[in-house]
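Student: Data file start_31.cif (mmCIF, N, CA, C and O atoms) is appended below.
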data_target
loop_
_atom_site.label_atom_id
_atom_site.label_comp_id
_atom_site.auth_asym_id
_atom_site.auth_seq_id
_atom_site.Cartn_x
_atom_site.Cartn_y
_atom_site.Cartn_z
N MET Z 28 0.85 -1.17 0.00
CA MET Z 28 0.00 0.00 0.00
C MET Z 28 0.89 1.22 0.00
O MET Z 28 1.97 1.23 0.57
N HIS Z 29 0.38 2.26 -0.63
CA HIS Z 29 1.09 3.51 -0.71
C HIS Z 29 0.17 4.60 -0.14
O HIS Z 29 -1.02 4.63 -0.46
N VAL Z 30 0.73 5.46 0.71
CA VAL Z 30 -0.04 6.56 1.28
C VAL Z 30 0.69 7.86 0.97
O VAL Z 30 1.88 7.99 1.25
N VAL Z 31 -0.03 8.80 0.36
CA VAL Z 31 0.52 10.10 0.04
C VAL Z 31 -0.18 11.11 0.93
O VAL Z 31 -1.41 11.08 1.07
N ALA Z 32 0.59 12.00 1.54
CA ALA Z 32 0.01 13.01 2.42
C ALA Z 32 0.34 14.40 1.91
O ALA Z 32 1.40 14.63 1.33
N ALA Z 33 -0.60 15.29 2.11
CA ALA Z 33 -0.41 16.69 1.77
C ALA Z 33 -0.96 17.53 2.92
O ALA Z 33 -1.98 17.17 3.51
N PRO Z 34 -0.30 18.61 3.24
CA PRO Z 34 -0.80 19.43 4.35
C PRO Z 34 -2.13 20.09 3.98
O PRO Z 34 -2.40 20.34 2.80
N ASN Z 35 -2.96 20.30 4.97
CA ASN Z 35 -4.20 21.05 4.75
C ASN Z 35 -4.34 22.09 5.86
O ASN Z 35 -3.71 22.00 6.90
N ASP Z 36 -5.18 23.06 5.63
CA ASP Z 36 -5.37 24.14 6.60
C ASP Z 36 -6.57 23.89 7.50
O ASP Z 36 -7.05 24.81 8.16
N LEU Z 37 -7.06 22.68 7.51
CA LEU Z 37 -8.22 22.33 8.32
C LEU Z 37 -7.77 21.73 9.65
O LEU Z 37 -6.59 21.48 9.87
N ASP Z 38 -8.72 21.47 10.52
CA ASP Z 38 -8.40 20.86 11.80
C ASP Z 38 -8.66 19.35 11.80
O ASP Z 38 -8.62 18.73 12.86
N ILE Z 39 -8.94 18.77 10.63
CA ILE Z 39 -9.23 17.35 10.54
C ILE Z 39 -8.43 16.72 9.41
O ILE Z 39 -7.96 17.40 8.51
N ALA Z 40 -8.30 15.42 9.49
CA ALA Z 40 -7.68 14.66 8.40
C ALA Z 40 -8.75 14.34 7.37
O ALA Z 40 -9.92 14.15 7.70
N ARG Z 41 -8.34 14.30 6.10
CA ARG Z 41 -9.26 13.92 5.04
C ARG Z 41 -8.67 12.73 4.29
O ARG Z 41 -7.47 12.54 4.26
N LEU Z 42 -9.56 11.96 3.68
CA LEU Z 42 -9.16 10.72 3.03
C LEU Z 42 -9.54 10.74 1.56
O LEU Z 42 -10.63 11.16 1.19
N GLY Z 43 -8.62 10.26 0.73
CA GLY Z 43 -8.88 10.03 -0.68
C GLY Z 43 -8.46 8.61 -1.01
O GLY Z 43 -7.49 8.10 -0.44
N LEU Z 44 -9.18 7.94 -1.89
CA LEU Z 44 -8.87 6.57 -2.25
C LEU Z 44 -8.66 6.44 -3.75
O LEU Z 44 -9.39 7.05 -4.53
N ALA Z 45 -7.69 5.63 -4.11
CA ALA Z 45 -7.45 5.30 -5.51
C ALA Z 45 -7.20 3.80 -5.58
O ALA Z 45 -6.09 3.33 -5.34
N VAL Z 46 -8.26 3.05 -5.84
CA VAL Z 46 -8.17 1.58 -5.86
C VAL Z 46 -8.31 1.13 -7.31
O VAL Z 46 -9.37 1.24 -7.91
N SER Z 47 -7.23 0.60 -7.86
CA SER Z 47 -7.22 0.21 -9.27
C SER Z 47 -7.80 -1.19 -9.46
O SER Z 47 -7.99 -1.95 -8.50
N ARG Z 48 -8.02 -1.54 -10.70
CA ARG Z 48 -8.56 -2.86 -11.02
C ARG Z 48 -7.58 -3.97 -10.73
O ARG Z 48 -7.97 -5.13 -10.67
N ARG Z 49 -6.33 -3.65 -10.55
CA ARG Z 49 -5.34 -4.66 -10.21
C ARG Z 49 -5.60 -5.27 -8.83
O ARG Z 49 -5.15 -6.37 -8.55
N VAL Z 50 -6.29 -4.53 -7.98
CA VAL Z 50 -6.60 -5.02 -6.63
C VAL Z 50 -7.56 -6.19 -6.69
O VAL Z 50 -7.47 -7.12 -5.91
N GLY Z 51 -8.47 -6.18 -7.63
CA GLY Z 51 -9.44 -7.27 -7.77
C GLY Z 51 -10.66 -6.80 -8.53
O GLY Z 51 -10.70 -5.69 -9.06
N ASN Z 52 -11.66 -7.66 -8.54
CA ASN Z 52 -12.90 -7.28 -9.23
C ASN Z 52 -13.66 -6.24 -8.40
O ASN Z 52 -13.20 -5.83 -7.33
N ALA Z 53 -14.81 -5.83 -8.87
CA ALA Z 53 -15.55 -4.74 -8.22
C ALA Z 53 -15.91 -5.07 -6.77
O ALA Z 53 -15.86 -4.20 -5.90
N VAL Z 54 -16.24 -6.31 -6.51
CA VAL Z 54 -16.60 -6.71 -5.15
C VAL Z 54 -15.41 -6.54 -4.21
O VAL Z 54 -15.53 -5.98 -3.11
N VAL Z 55 -14.24 -6.98 -4.64
CA VAL Z 55 -13.04 -6.89 -3.82
C VAL Z 55 -12.63 -5.43 -3.64
O VAL Z 55 -12.30 -5.00 -2.53
N ARG Z 56 -12.66 -4.65 -4.71
CA ARG Z 56 -12.29 -3.23 -4.61
C ARG Z 56 -13.21 -2.49 -3.66
O ARG Z 56 -12.75 -1.69 -2.84
N ASN Z 57 -14.52 -2.74 -3.74
CA ASN Z 57 -15.45 -2.06 -2.85
C ASN Z 57 -15.26 -2.50 -1.40
O ASN Z 57 -15.38 -1.68 -0.49
N ARG Z 58 -14.95 -3.76 -1.18
CA ARG Z 58 -14.68 -4.23 0.19
C ARG Z 58 -13.45 -3.53 0.75
O ARG Z 58 -13.45 -3.09 1.91
N VAL Z 59 -12.41 -3.42 -0.04
CA VAL Z 59 -11.19 -2.73 0.40
C VAL Z 59 -11.49 -1.27 0.73
O VAL Z 59 -11.06 -0.76 1.77
N LYS Z 60 -12.24 -0.60 -0.12
CA LYS Z 60 -12.59 0.80 0.14
C LYS Z 60 -13.43 0.95 1.41
O LYS Z 60 -13.18 1.87 2.20
N ARG Z 61 -14.40 0.06 1.60
CA ARG Z 61 -15.22 0.12 2.81
C ARG Z 61 -14.37 -0.06 4.06
O ARG Z 61 -14.55 0.65 5.06
N ARG Z 62 -13.44 -1.00 4.01
CA ARG Z 62 -12.58 -1.25 5.18
C ARG Z 62 -11.66 -0.07 5.45
O ARG Z 62 -11.46 0.32 6.61
N ILE Z 63 -11.09 0.50 4.41
CA ILE Z 63 -10.20 1.65 4.60
C ILE Z 63 -10.99 2.83 5.18
O ILE Z 63 -10.53 3.50 6.10
N ARG Z 64 -12.18 3.08 4.66
CA ARG Z 64 -13.01 4.17 5.20
C ARG Z 64 -13.36 3.92 6.67
O ARG Z 64 -13.37 4.85 7.48
N GLU Z 65 -13.65 2.69 7.03
CA GLU Z 65 -14.00 2.36 8.41
C GLU Z 65 -12.78 2.54 9.33
O GLU Z 65 -12.92 3.07 10.44
N ILE Z 66 -11.63 2.11 8.89
CA ILE Z 66 -10.40 2.31 9.67
C ILE Z 66 -10.16 3.81 9.86
O ILE Z 66 -9.85 4.27 10.96
N PHE Z 67 -10.33 4.57 8.80
CA PHE Z 67 -10.16 6.01 8.88
C PHE Z 67 -11.17 6.63 9.85
O PHE Z 67 -10.81 7.46 10.68
N ARG Z 68 -12.42 6.22 9.76
CA ARG Z 68 -13.47 6.76 10.63
C ARG Z 68 -13.19 6.46 12.10
O ARG Z 68 -13.31 7.33 12.96
N ARG Z 69 -12.79 5.24 12.38
CA ARG Z 69 -12.55 4.85 13.78
C ARG Z 69 -11.30 5.47 14.37
O ARG Z 69 -11.20 5.60 15.59
N ASN Z 70 -10.34 5.84 13.54
CA ASN Z 70 -9.05 6.31 14.04
C ASN Z 70 -8.75 7.74 13.63
O ASN Z 70 -7.59 8.15 13.62
N ARG Z 71 -9.76 8.51 13.28
CA ARG Z 71 -9.54 9.88 12.80
C ARG Z 71 -8.79 10.73 13.82
O ARG Z 71 -7.94 11.53 13.46
N ALA Z 72 -9.08 10.56 15.09
CA ALA Z 72 -8.41 11.37 16.11
C ALA Z 72 -6.92 11.03 16.21
O ALA Z 72 -6.11 11.89 16.54
N ALA Z 73 -6.55 9.80 15.92
CA ALA Z 73 -5.15 9.39 16.01
C ALA Z 73 -4.37 9.73 14.75
O ALA Z 73 -3.14 9.70 14.77
N LEU Z 74 -5.05 10.05 13.68
CA LEU Z 74 -4.38 10.34 12.42
C LEU Z 74 -3.87 11.77 12.40
O LEU Z 74 -4.45 12.66 13.03
N PRO Z 75 -2.80 12.01 11.66
CA PRO Z 75 -2.29 13.38 11.56
C PRO Z 75 -3.24 14.26 10.75
O PRO Z 75 -3.97 13.76 9.90
N VAL Z 76 -3.20 15.55 11.01
CA VAL Z 76 -4.04 16.49 10.27
C VAL Z 76 -3.38 16.73 8.91
O VAL Z 76 -2.40 17.45 8.80
N ALA Z 77 -3.91 16.05 7.92
CA ALA Z 77 -3.38 16.14 6.55
C ALA Z 77 -4.40 15.54 5.61
O ALA Z 77 -5.35 14.88 6.03
N ASP Z 78 -4.19 15.78 4.32
CA ASP Z 78 -4.99 15.11 3.31
C ASP Z 78 -4.24 13.83 2.95
O ASP Z 78 -3.08 13.89 2.52
N LEU Z 79 -4.87 12.69 3.14
CA LEU Z 79 -4.23 11.40 2.90
C LEU Z 79 -4.87 10.74 1.68
O LEU Z 79 -6.09 10.63 1.62
N VAL Z 80 -4.05 10.30 0.75
CA VAL Z 80 -4.53 9.53 -0.39
C VAL Z 80 -3.95 8.13 -0.25
O VAL Z 80 -2.73 7.96 -0.19
N VAL Z 81 -4.83 7.15 -0.17
CA VAL Z 81 -4.43 5.76 0.02
C VAL Z 81 -4.55 5.02 -1.30
O VAL Z 81 -5.60 5.06 -1.95
N ILE Z 82 -3.46 4.34 -1.67
CA ILE Z 82 -3.42 3.56 -2.91
C ILE Z 82 -3.04 2.14 -2.53
O ILE Z 82 -1.85 1.84 -2.37
N PRO Z 83 -4.02 1.25 -2.34
CA PRO Z 83 -3.69 -0.12 -1.93
C PRO Z 83 -3.20 -0.97 -3.09
O PRO Z 83 -3.60 -0.77 -4.23
N PHE Z 84 -2.30 -1.90 -2.78
CA PHE Z 84 -1.82 -2.87 -3.75
C PHE Z 84 -2.72 -4.10 -3.69
O PHE Z 84 -3.54 -4.25 -2.78
N ALA Z 85 -2.56 -5.01 -4.63
CA ALA Z 85 -3.39 -6.20 -4.70
C ALA Z 85 -3.24 -7.06 -3.43
O ALA Z 85 -4.21 -7.64 -2.95
N SER Z 86 -2.05 -7.13 -2.88
CA SER Z 86 -1.83 -7.94 -1.69
C SER Z 86 -2.57 -7.40 -0.47
O SER Z 86 -2.86 -8.14 0.48
N PHE Z 87 -2.90 -6.12 -0.48
CA PHE Z 87 -3.61 -5.51 0.65
C PHE Z 87 -5.00 -6.12 0.82
O PHE Z 87 -5.50 -6.23 1.93
N ALA Z 88 -5.61 -6.53 -0.27
CA ALA Z 88 -6.96 -7.10 -0.21
C ALA Z 88 -6.97 -8.44 0.52
O ALA Z 88 -8.02 -8.87 1.01
N GLN Z 89 -5.82 -9.10 0.63
CA GLN Z 89 -5.75 -10.40 1.29
C GLN Z 89 -5.61 -10.29 2.81
O GLN Z 89 -5.76 -11.29 3.51
N LEU Z 90 -5.33 -9.11 3.31
CA LEU Z 90 -5.12 -8.92 4.75
C LEU Z 90 -6.43 -8.92 5.51
O LEU Z 90 -7.47 -8.55 4.97
N ASP Z 91 -6.37 -9.30 6.78
CA ASP Z 91 -7.56 -9.19 7.62
C ASP Z 91 -7.67 -7.74 8.13
O ASP Z 91 -6.77 -6.93 7.93
N PHE Z 92 -8.77 -7.42 8.78
CA PHE Z 92 -9.06 -6.05 9.17
C PHE Z 92 -7.99 -5.48 10.11
O PHE Z 92 -7.56 -4.34 9.95
N ALA Z 93 -7.55 -6.28 11.09
CA ALA Z 93 -6.55 -5.79 12.05
C ALA Z 93 -5.22 -5.48 11.37
O ALA Z 93 -4.57 -4.48 11.68
N ALA Z 94 -4.82 -6.33 10.44
CA ALA Z 94 -3.57 -6.09 9.72
C ALA Z 94 -3.69 -4.87 8.82
O ALA Z 94 -2.73 -4.08 8.69
N MET Z 95 -4.86 -4.68 8.20
CA MET Z 95 -5.09 -3.49 7.39
C MET Z 95 -4.97 -2.24 8.24
O MET Z 95 -4.35 -1.26 7.83
N ARG Z 96 -5.57 -2.28 9.42
CA ARG Z 96 -5.54 -1.13 10.32
C ARG Z 96 -4.12 -0.79 10.72
O ARG Z 96 -3.70 0.37 10.64
N THR Z 97 -3.36 -1.78 11.11
CA THR Z 97 -1.98 -1.56 11.53
C THR Z 97 -1.16 -0.95 10.39
O THR Z 97 -0.43 0.02 10.59
N GLU Z 98 -1.28 -1.53 9.22
CA GLU Z 98 -0.52 -1.06 8.07
C GLU Z 98 -0.91 0.36 7.67
O GLU Z 98 -0.07 1.21 7.42
N LEU Z 99 -2.20 0.64 7.63
CA LEU Z 99 -2.67 1.96 7.24
C LEU Z 99 -2.23 3.04 8.22
O LEU Z 99 -1.73 4.09 7.81
N LEU Z 100 -2.35 2.79 9.51
CA LEU Z 100 -1.95 3.78 10.50
C LEU Z 100 -0.44 4.01 10.47
O LEU Z 100 0.02 5.15 10.60
N ARG Z 101 0.32 2.95 10.29
CA ARG Z 101 1.78 3.09 10.23
C ARG Z 101 2.20 3.94 9.03
O ARG Z 101 3.01 4.87 9.17
N LEU Z 102 1.63 3.65 7.87
CA LEU Z 102 2.00 4.40 6.67
C LEU Z 102 1.49 5.84 6.69
O LEU Z 102 2.15 6.74 6.18
N ALA Z 103 0.33 6.06 7.30
CA ALA Z 103 -0.20 7.42 7.40
C ALA Z 103 0.69 8.29 8.28
O ALA Z 103 0.97 9.45 7.96
N GLU Z 104 1.16 7.74 9.38
CA GLU Z 104 2.07 8.48 10.26
C GLU Z 104 3.37 8.80 9.55
O GLU Z 104 3.89 9.91 9.65
N ARG Z 105 3.90 7.83 8.81
CA ARG Z 105 5.15 8.05 8.09
C ARG Z 105 4.98 9.12 7.00
O ARG Z 105 5.83 10.00 6.85
N ALA Z 106 3.89 9.05 6.26
CA ALA Z 106 3.66 10.02 5.20
C ALA Z 106 3.47 11.43 5.77
O ALA Z 106 3.99 12.41 5.23
N ALA Z 107 2.73 11.53 6.85
CA ALA Z 107 2.50 12.84 7.46
C ALA Z 107 3.78 13.42 8.05
O ALA Z 107 4.00 14.63 8.01
N ALA Z 108 4.64 12.56 8.57
CA ALA Z 108 5.91 13.03 9.12
C ALA Z 108 6.79 13.60 8.01
O ALA Z 108 7.47 14.61 8.20
N SER Z 109 6.77 12.96 6.85
CA SER Z 109 7.58 13.48 5.75
C SER Z 109 7.03 14.81 5.23
O SER Z 109 7.80 15.67 4.82
N VAL Z 110 5.72 14.98 5.27
CA VAL Z 110 5.11 16.24 4.85
C VAL Z 110 5.45 17.34 5.86
O VAL Z 110 5.75 18.47 5.49
N ALA Z 111 5.45 16.99 7.14
CA ALA Z 111 5.73 17.99 8.18
C ALA Z 111 7.17 18.50 8.05
O ALA Z 111 7.44 19.68 8.30
N LYS Z 112 8.08 17.63 7.64
CA LYS Z 112 9.47 18.06 7.48
C LYS Z 112 9.64 19.00 6.30
O LYS Z 112 10.42 19.94 6.36
N THR Z 113 8.91 18.74 5.22
CA THR Z 113 9.11 19.51 4.00
C THR Z 113 8.21 20.73 3.86
O THR Z 113 8.46 21.58 3.03
N SER Z 114 7.14 20.80 4.65
CA SER Z 114 6.22 21.93 4.50
C SER Z 114 6.76 23.16 5.20
O SER Z 114 7.50 23.08 6.18
N LYS Z 115 6.38 24.31 4.67
CA LYS Z 115 6.81 25.57 5.24
C LYS Z 115 5.90 25.93 6.41
O LYS Z 115 4.71 25.64 6.39
N PRO Z 116 6.43 26.59 7.42
CA PRO Z 116 5.56 27.03 8.51
C PRO Z 116 4.59 28.09 8.02
O PRO Z 116 4.90 28.87 7.12
N ARG Z 117 3.41 28.12 8.60
CA ARG Z 117 2.40 29.10 8.21
C ARG Z 117 2.79 30.49 8.68
O ARG Z 117 3.35 30.67 9.75
N GLU Z 118 2.46 31.47 7.86
CA GLU Z 118 2.69 32.86 8.25
C GLU Z 118 1.46 33.38 8.96
O GLU Z 118 0.35 33.13 8.54
N SER Z 119 1.67 34.08 10.04
CA SER Z 119 0.54 34.58 10.83
C SER Z 119 0.09 35.93 10.33
O SER Z 119 0.78 36.76 9.95
#
Just dump the structure as structure tokens.
Tutor:
Amino acid sequence: MHVVAAPNDLDIARLGLAVSRRVGNAVVRNRVKRRIREIFRRNRAALPVADLVVIPFASFAQLDFAAMRTELLRLAERAAASVAKTSKPRES
């Protein structure tokens, strides 16, 4: 899975999904999207304040919910940390 983060000026994290046909047929892709949205919804407070775009690989569809959650949160933190290093501080 690949997670891309971009800074936002809001007080909440936002989610974008890009699930290609390589992940599986429509049923599998929709299941993956539903699970990612649910993980995001349940863990929004723990996620960094950024715009996150999640791009799952085909192997991600084979994971169980707990493994998906662990992987998504780990990658979201890493992506947000890299954005925080490269973004400019806001001017007041």
Student: Step one, run DSSP on the backbone; step two, keep only residues of chain Z assigned to strand (DSSP E); then write them as a list of chain:residue names.
Tutor: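 Strand (DSSP E) members of chain Z, listed: Z:His29, Z:Val30, Z:Val31, Z:Ala32, Z:Ala33, Z:Arg41, Z:Leu42, Z:Gly43, Z:Leu44, Z:Asp78, Z:Leu79, Z:Val80, Z:Val81, Z:Ile82.
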Student: May I have the selected residues written with N, CA, C and O atoms, as a CSV table (one decimal), keeping the file's coordinate frame?
Tutor:
chain,number,residue,atom,x,y,z
Z,29,HIS,N,0.4,2.3,-0.6
Z,29,HIS,CA,1.1,3.5,-0.7
Z,29,HIS,C,0.2,4.6,-0.1
Z,29,HIS,O,-1.0,4.6,-0.5
Z,30,VAL,N,0.7,5.5,0.7
Z,30,VAL,CA,0.0,6.6,1.3
Z,30,VAL,C,0.7,7.9,1.0
Z,30,VAL,O,1.9,8.0,1.2
Z,31,VAL,N,0.0,8.8,0.4
Z,31,VAL,CA,0.5,10.1,0.0
Z,31,VAL,C,-0.2,11.1,0.9
Z,31,VAL,O,-1.4,11.1,1.1
Z,32,ALA,N,0.6,12.0,1.5
Z,32,ALA,CA,0.0,13.0,2.4
Z,32,ALA,C,0.3,14.4,1.9
Z,32,ALA,O,1.4,14.6,1.3
Z,33,ALA,N,-0.6,15.3,2.1
Z,33,ALA,CA,-0.4,16.7,1.8
Z,33,ALA,C,-1.0,17.5,2.9
Z,33,ALA,O,-2.0,17.2,3.5
Z,41,ARG,N,-8.3,14.3,6.1
Z,41,ARG,CA,-9.3,13.9,5.0
Z,41,ARG,C,-8.7,12.7,4.3
Z,41,ARG,O,-7.5,12.5,4.3
Z,42,LEU,N,-9.6,12.0,3.7
Z,42,LEU,CA,-9.2,10.7,3.0
Z,42,LEU,C,-9.5,10.7,1.6
Z,42,LEU,O,-10.6,11.2,1.2
Z,43,GLY,N,-8.6,10.3,0.7
Z,43,GLY,CA,-8.9,10.0,-0.7
Z,43,GLY,C,-8.5,8.6,-1.0
Z,43,GLY,O,-7.5,8.1,-0.4
Z,44,LEU,N,-9.2,7.9,-1.9
Z,44,LEU,CA,-8.9,6.6,-2.2
Z,44,LEU,C,-8.7,6.4,-3.8
Z,44,LEU,O,-9.4,7.0,-4.5
Z,78,ASP,N,-4.2,15.8,4.3
Z,78,ASP,CA,-5.0,15.1,3.3
Z,78,ASP,C,-4.2,13.8,3.0
Z,78,ASP,O,-3.1,13.9,2.5
Z,79,LEU,N,-4.9,12.7,3.1
Z,79,LEU,CA,-4.2,11.4,2.9
Z,79,LEU,C,-4.9,10.7,1.7
Z,79,LEU,O,-6.1,10.6,1.6
Z,80,VAL,N,-4.0,10.3,0.8
Z,80,VAL,CA,-4.5,9.5,-0.4
Z,80,VAL,C,-4.0,8.1,-0.2
Z,80,VAL,O,-2.7,8.0,-0.2
Z,81,VAL,N,-4.8,7.2,-0.2
Z,81,VAL,CA,-4.4,5.8,0.0
Z,81,VAL,C,-4.6,5.0,-1.3
Z,81,VAL,O,-5.6,5.1,-2.0
Z,82,ILE,N,-3.5,4.3,-1.7
Z,82,ILE,CA,-3.4,3.6,-2.9
Z,82,ILE,C,-3.0,2.1,-2.5
Z,82,ILE,O,-1.8,1.8,-2.4
Student: Expressed in Å to a single decimal, how great is the separation between atom CA of Glu65 of chain Z and atom N of Ile82 of chain Z?
Tutor: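 Here the two named atoms are 14.7 Å from each other.
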Student: Could the residues of segment 37-68 of chain Z that have an atom at most 8 Å from segment 91-110 of chain Z be listed as JSON lines, each with its closest atom pair and the distance in Å to one decimal, counting all atoms listed in the file and ordered by chain and ascending residue number?
Tutor:
{"residue": "Z:Arg62", "atom": "O", "partner": "Z:Phe92", "partner_atom": "O", "distance": 6.9}
{"residue": "Z:Ile63", "atom": "CA", "partner": "Z:Met95", "partner_atom": "O", "distance": 7.3}
{"residue": "Z:Ile66", "atom": "CA", "partner": "Z:Arg96", "partner_atom": "CA", "distance": 6.0}
{"residue": "Z:Phe67", "atom": "N", "partner": "Z:Arg96", "partner_atom": "CA", "distance": 7.6}
Student: For atom C of Val81 of chain Z and atom N of Ala111 of chain Z, determine how far apart the two atoms are, in Å to one decimal place.
Tutor: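 Value for the atom C of Val81 of chain Z-atom N of Ala111 of chain Z distance: 17.7 Å.
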Student: Taking only chain Z into account, list the residues labelled helix (DSSP H, G or I) by DSSP (computed from the backbone), as a ChimeraX atom specification.
Tutor: /Z:48-50,53-69,85-89,92-113
Student: Which neighbours of Phe84 of chain Z fall inside 4.5 Å, counting only N, CA, C and O atoms, when residues of the same chain fewer than 3 positions from it are skipped, and could you give them as a compact mmCIF listing (two decimals) with N, CA, C and O atoms, in the coordinates of the input?
Tutor:
# COMPACT_ATOMS: atom_id res chain seq x y z
N MET Z 28 0.85 -1.17 0.00
CA MET Z 28 0.00 0.00 0.00
C MET Z 28 0.89 1.22 0.00
O MET Z 28 1.97 1.23 0.57
N PHE Z 87 -2.90 -6.12 -0.48
CA PHE Z 87 -3.61 -5.51 0.65
C PHE Z 87 -5.00 -6.12 0.82
O PHE Z 87 -5.50 -6.23 1.93
N ALA Z 88 -5.61 -6.53 -0.27
CA ALA Z 88 -6.96 -7.10 -0.21
C ALA Z 88 -6.97 -8.44 0.52
O ALA Z 88 -8.02 -8.87 1.01
Student: For each of Z:Ala85, Z:Leu74, Z:Ile39, Z:Leu90, take the minimum atom-to-atom distance to Gly51 of chain Z, counting only C-alpha atoms, then give the residue where this is smallest.
Tutor: Z:Ala85
Student: One decimal, in Å: what's the spacing between atom C of Ala33 of chain Z and atom N of Ala77 of chain Z?
Tutor: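 Separating atom C of Ala33 of chain Z from atom N of Ala77 of chain Z is a distance of 6.0 Å.
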Student: Within 8 Å of (-2.0, 5.5, -5.2), all atoms listed in the file: residues as JSON, numbers by chain?
Tutor: {"Z": [28, 29, 30, 31, 43, 44, 45, 46, 47, 80, 81, 82, 83, 84]}
Student: I need the chosen residues saved as a JSON list (two decimals), in the frame of the given file, with N, CA, C and O atoms.
Tutor:
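Result file follows (part.json):
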[["chain", "number", "residue", "atom", "x", "y", "z"],
["Z", 28, "MET", "N", 0.85, -1.17, 0.00],
["Z", 28, "MET", "CA", 0.00, 0.00, 0.00],
["Z", 28, "MET", "C", 0.89, 1.22, 0.00],
["Z", 28, "MET", "O", 1.97, 1.23, 0.57],
["Z", 29, "HIS", "N", 0.38, 2.26, -0.63],
["Z", 29, "HIS", "CA", 1.09, 3.51, -0.71],
["Z", 29, "HIS", "C", 0.17, 4.60, -0.14],
["Z", 29, "HIS", "O", -1.02, 4.63, -0.46],
["Z", 30, "VAL", "N", 0.73, 5.46, 0.71],
["Z", 30, "VAL", "CA", -0.04, 6.56, 1.28],
["Z", 30, "VAL", "C", 0.69, 7.86, 0.97],
["Z", 30, "VAL", "O", 1.88, 7.99, 1.25],
["Z", 31, "VAL", "N", -0.03, 8.80, 0.36],
["Z", 31, "VAL", "CA", 0.52, 10.10, 0.04],
["Z", 31, "VAL", "C", -0.18, 11.11, 0.93],
["Z", 31, "VAL", "O", -1.41, 11.08, 1.07],
["Z", 43, "GLY", "N", -8.62, 10.26, 0.73],
["Z", 43, "GLY", "CA", -8.88, 10.03, -0.68],
["Z", 43, "GLY", "C", -8.46, 8.61, -1.01],
["Z", 43, "GLY", "O", -7.49, 8.10, -0.44],
["Z", 44, "LEU", "N", -9.18, 7.94, -1.89],
["Z", 44, "LEU", "CA", -8.87, 6.57, -2.25],
["Z", 44, "LEU", "C", -8.66, 6.44, -3.75],
["Z", 44, "LEU", "O", -9.39, 7.05, -4.53],
["Z", 45, "ALA", "N", -7.69, 5.63, -4.11],
["Z", 45, "ALA", "CA", -7.45, 5.30, -5.51],
["Z", 45, "ALA", "C", -7.20, 3.80, -5.58],
["Z", 45, "ALA", "O", -6.09, 3.33, -5.34],
["Z", 46, "VAL", "N", -8.26, 3.05, -5.84],
["Z", 46, "VAL", "CA", -8.17, 1.58, -5.86],
["Z", 46, "VAL", "C", -8.31, 1.13, -7.31],
["Z", 46, "VAL", "O", -9.37, 1.24, -7.91],
["Z", 47, "SER", "N", -7.23, 0.60, -7.86],
["Z", 47, "SER", "CA", -7.22, 0.21, -9.27],
["Z", 47, "SER", "C", -7.80, -1.19, -9.46],
["Z", 47, "SER", "O", -7.99, -1.95, -8.50],
["Z", 80, "VAL", "N", -4.05, 10.30, 0.75],
["Z", 80, "VAL", "CA", -4.53, 9.53, -0.39],
["Z", 80, "VAL", "C", -3.95, 8.13, -0.25],
["Z", 80, "VAL", "O", -2.73, 7.96, -0.19],
["Z", 81, "VAL", "N", -4.83, 7.15, -0.17],
["Z", 81, "VAL", "CA", -4.43, 5.76, 0.02],
["Z", 81, "VAL", "C", -4.55, 5.02, -1.30],
["Z", 81, "VAL", "O", -5.60, 5.06, -1.95],
["Z", 82, "ILE", "N", -3.46, 4.34, -1.67],
["Z", 82, "ILE", "CA", -3.42, 3.56, -2.91],
["Z", 82, "ILE", "C", -3.04, 2.14, -2.53],
["Z", 82, "ILE", "O", -1.85, 1.84, -2.37],
["Z", 83, "PRO", "N", -4.02, 1.25, -2.34],
["Z", 83, "PRO", "CA", -3.69, -0.12, -1.93],
["Z", 83, "PRO", "C", -3.20, -0.97, -3.09],
["Z", 83, "PRO", "O", -3.60, -0.77, -4.23],
["Z", 84, "PHE", "N", -2.30, -1.90, -2.78],
["Z", 84, "PHE", "CA", -1.82, -2.87, -3.75],
["Z", 84, "PHE", "C", -2.72, -4.10, -3.69],
["Z", 84, "PHE", "O", -3.54, -4.25, -2.78]]
Student: To box segment 40-53 of chain Z, take all atoms listed in the file, fit an axis-aligned box, add 8 Å on each side, and give centre and edge lengths in Å to one decimal, as JSON.
Tutor:
{"center_x": -10.5, "center_y": 3.9, "center_z": -0.8, "size_x": 26.8, "size_y": 39.1, "size_z": 36.5}
Student: Taking into account only C-alpha atoms, which residue in the set Z:Val76, Z:Gln89, Z:Lys112, Z:Arg56 is nearest to Arg41 of chain Z?
Tutor: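 Comparing Z:Val76, Z:Gln89, Z:Lys112, Z:Arg56 against Arg41 of chain Z, the winner is Z:Val76.
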